[in-house]
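See structure below.
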Amino acid sequence: APSLASVGWYLAWIAFQAALFHWLPGRDVEGTALPDGRRLDYRLNGLFALGLTLLAAAGAVASGLLPAGLLYDELGALVTTANLVVLLSCIGLMAFARRQASPEERRLNWLEAYTLGACRNPRLGRFDFKFFCESRPSMILWVLLALSFAAKQLELHGSLSNAMILVCFFQILYVADYFYFEDAILTTWDIKHEGVGFILAWGCLVWIPFAYALQPLYLVLHPEPLPAWGFASILLLNAAGFYIFRSSNLQKHRFSSDPMQ
């Protein structure tokens, strides 16, 4: 069940990431043309937000303000809280986005608008709800969950397994890479075509952080080490897969940005 603490922590987390998203300096870029021909401006400061969040978390743990295994200990309540926050906040988002909807989007009934999104790119000033929801409170929380689970394994067993080290390294690398190439998200189907409703919000705010962190969660209570050949094989396989993933996505991004280049 959710608790007052879990609700408070989660809402504070969303507010903290929203403040970083809005106030941190970054590179201002113009997005690709949307179906209605508009090009929206975006500020890219995700890598800065990730680094600042990790520093803040490290400071809170080092000072004794928060235990390193907090997210593991409160995981059940946090998952429930995140679900409830998304279910309820999408009602307000639907009402707000309706005012910015196109004539075509206004033909959606209330259930369609709630589920699929009442508007493609709802904004409050320069604050873009979709761009924020895509990564800030979700992918950065995923990193903190993985690190908290690693800390819990260390607390319970006195050491980190090499499997836990691999998983945390891979997942942090993926998120850092995402923010390093943050402009590439602007050419994706999500940003250009998908509305901001329950489907997108739940996928970003619940599914991404909590489901993507299942591997380190499993390893907390299963610290059996990998053999040297297994460690090396997994490292090489992931490196090869990551190279294919990043190079192909950059190729897709370049084509979407300028098909004639």
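How things are named: the first chain in the structure tokens is A, the next is B, and so on; residues count from 1 in each chain; ligands count from 1 in the order shown.
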
**OP:** Going by DSSP on the backbone, which bits of stretch 45-257 of chain A are strand (DSSP E or B)? Write them as a PyMOL selection string, please.
**Re:** chain A and resi 123-124+127-128

Write out, as a short mmCIF file (atom, residue, chain, number, x, y, z; two decimals), in the first residue's frame, the residues just selected, with C-alpha atoms.
data_model
loop_
_atom_site.label_atom_id
_atom_site.label_comp_id
_atom_site.auth_asym_id
_atom_site.auth_seq_id
_atom_site.Cartn_x
_atom_site.Cartn_y
_atom_site.Cartn_z
CA ARG A 123 3.01 23.01 -23.06
CA LEU A 124 2.96 25.51 -20.25
CA PHE A 127 7.68 23.58 -20.37
CA ASP A 128 6.94 20.65 -22.69
#

**OP:** For A:Trp13, please output as JSON, numbers by chain all residues within 10 Å (counting only C-alpha atoms; exclusion window: fewer than 5 positions along the same chain).
**Re:** {"A": [7, 8, 18, 19, 137, 141]}

Closest pair table for stretch 138-217 of chain A residues within 8 Å of stretch 38-58 of chain A, only C-alpha atoms, as CSV:
residue,atom,partner,partner_atom,distance
A:Ile140,CA,A:Leu50,CA,6.2
A:Leu144,CA,A:Leu54,CA,7.8
A:Ala176,CA,A:Leu47,CA,6.6
A:Phe179,CA,A:Leu47,CA,5.1
A:Tyr180,CA,A:Leu47,CA,6.1
A:Glu182,CA,A:Leu44,CA,6.6
A:Asp183,CA,A:Leu44,CA,7.1

Subject >> Spatial neighbours of stretch 194-197 of chain A, 7 Å, only C-alpha atoms, chain gap at least 6 places, as a list in words >> reply: Cys90, Ala113, Tyr114, Thr115, Leu116, Gly117, Ala118, Cys119, Arg120, Asn121 and Lys130 of chain A

With C-alpha atoms retained, write the just-selected residues as a short mmCIF file (atom, residue, chain, number, x, y, z; two decimals), in the first residue's frame.
data_model
loop_
_atom_site.label_atom_id
_atom_site.label_comp_id
_atom_site.auth_asym_id
_atom_site.auth_seq_id
_atom_site.Cartn_x
_atom_site.Cartn_y
_atom_site.Cartn_z
CA CYS A 90 -3.70 12.26 -16.35
CA ALA A 113 -8.37 11.84 -24.75
CA TYR A 114 -7.46 10.41 -21.31
CA THR A 115 -5.88 7.26 -22.73
CA LEU A 116 -4.25 8.46 -25.97
CA GLY A 117 -3.76 12.10 -25.08
CA ALA A 118 -5.93 15.14 -25.68
CA CYS A 119 -3.09 16.99 -27.40
CA ARG A 120 0.12 16.02 -29.17
CA ASN A 121 2.46 18.53 -27.51
CA LYS A 130 5.85 15.16 -23.24
#

**OP:** Please provide the set of residues having any atom within 12 Å of stretch 235-239 of chain A, restricted to only C-alpha atoms, with same-chain residues fewer than 4 positions apart removed, written as number ranges by chain.
**Re:** A: 162-163, 165-167, 169-171, 173-174, 226, 228-231, 243-246

**OP:** Could you tell me which of A:Leu88, A:Gln153, A:Ser3, A:Met94 comes closest to A:Tyr218 if we count only C-alpha atoms?
**Re:**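 Among A:Leu88, A:Gln153, A:Ser3, A:Met94, it is A:Gln153 that comes nearest to A:Tyr218.
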
Original post:
Out of A:Val175, A:Leu75, A:Leu111, A:Val86, which residue has the shortest atom-to-atom distance to A:Phe149 when counting only C-alpha atoms?
Top reply: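 Looking at the shortest contact to A:Phe149, the residue is A:Leu75.
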
Subject >> Polymer residues at most 9 Å from A:Thr81, only C-alpha atoms, same-chain spacing of 2 or more positions, as a list of chain:residue names >> reply: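 Contacts, in chain order: A:Ala1, A:Pro2, A:Ser3, A:Ser6, A:Val7, A:Tyr10, A:Gly76, A:Ala77, A:Leu78, A:Val79, A:Asn83, A:Leu84, A:Val85, A:Val86.
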
Take the residues just selected and output them with N, CA and C atoms as a compact mmCIF listing (two decimals), in the first residue's frame.
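After the write, part29.txt holds the following:
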# COMPACT_ATOMS: atom_id res chain seq x y z
N ALA A 1 0.84 -1.20 0.00
CA ALA A 1 0.00 0.00 0.00
C ALA A 1 0.88 1.25 0.00
N PRO A 2 0.41 2.32 -0.61
CA PRO A 2 1.18 3.57 -0.54
C PRO A 2 1.14 4.14 0.87
N SER A 3 2.16 4.91 1.19
CA SER A 3 2.22 5.57 2.49
C SER A 3 2.36 7.07 2.28
N SER A 6 5.82 7.63 0.97
CA SER A 6 6.05 7.30 -0.44
C SER A 6 5.41 8.34 -1.36
N VAL A 7 4.24 8.83 -0.98
CA VAL A 7 3.58 9.88 -1.78
C VAL A 7 4.42 11.15 -1.74
N TYR A 10 7.66 10.69 -3.80
CA TYR A 10 7.46 10.63 -5.24
C TYR A 10 7.08 12.00 -5.81
N GLY A 76 7.77 -1.36 -2.96
CA GLY A 76 6.36 -1.67 -3.16
C GLY A 76 5.47 -0.45 -3.06
N ALA A 77 5.68 0.35 -2.02
CA ALA A 77 4.87 1.56 -1.84
C ALA A 77 5.12 2.56 -2.96
N LEU A 78 6.36 2.65 -3.44
CA LEU A 78 6.68 3.59 -4.52
C LEU A 78 6.02 3.19 -5.83
N VAL A 79 6.01 1.89 -6.13
CA VAL A 79 5.36 1.43 -7.36
C VAL A 79 3.87 1.75 -7.33
N ASN A 83 1.80 4.52 -9.77
CA ASN A 83 0.60 4.17 -10.53
C ASN A 83 -0.55 5.11 -10.22
N LEU A 84 -0.77 5.38 -8.93
CA LEU A 84 -1.89 6.25 -8.54
C LEU A 84 -1.67 7.68 -9.01
N VAL A 85 -0.44 8.17 -8.92
CA VAL A 85 -0.14 9.53 -9.36
C VAL A 85 -0.42 9.66 -10.86
N VAL A 86 -0.01 8.67 -11.65
CA VAL A 86 -0.24 8.72 -13.10
C VAL A 86 -1.74 8.66 -13.40

Original post:
Looking at only C-alpha atoms, which of A:Leu154, A:Leu24, A:Leu160, A:Ala101 is the one that sits closest to A:Asp36?
Top reply: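 Among the listed residues, A:Ala101 lies closest to A:Asp36.
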
Original post:
Skipping near chain neighbours, those fewer than 4 positions away, what residues fall within 10 Å of A:Tyr212 using only C-alpha atoms, listed as a PyMOL selection string?
Top reply: chain A and resi 139+142-143+145-146+171+206-208+216-217

**OP:** Provide the atom CA of A:Phe255 to atom CA of A:Phe242 distance in Å, to one decimal place.
**Re:** 19.9 Å

Original post:
Mind pulling up the distance from atom CA of A:Gln215 to atom CA of A:Ser159?
Top reply: 17.3 Å

Original post:
So which one's closest to A:Leu11, A:Leu205, A:Leu93, A:Val29, A:Leu219? Using only C-alpha atoms, please.
Top reply: A:Leu205

Subject >> atom CA of A:Gly203 to atom CA of A:Gln100, distance in Å rounded to a single decimal >> reply: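 For atom CA of A:Gly203 relative to atom CA of A:Gln100, the distance reads 22.7 Å.
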
**OP:** Report as a list in words: the residues of stretch 196-228 of chain A with a DSSP assignment of alpha helix (DSSP H), based on the backbone of this structure.
**Re:**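 Everything in stretch 196-228 of chain A that counts as alpha helix (DSSP H) is Phe198, Ile199, Leu200, Ala201, Trp202, Tyr212, Leu214, Gln215, Pro216, Leu217, Tyr218, Leu219, Val220 and Ala228 of chain A.
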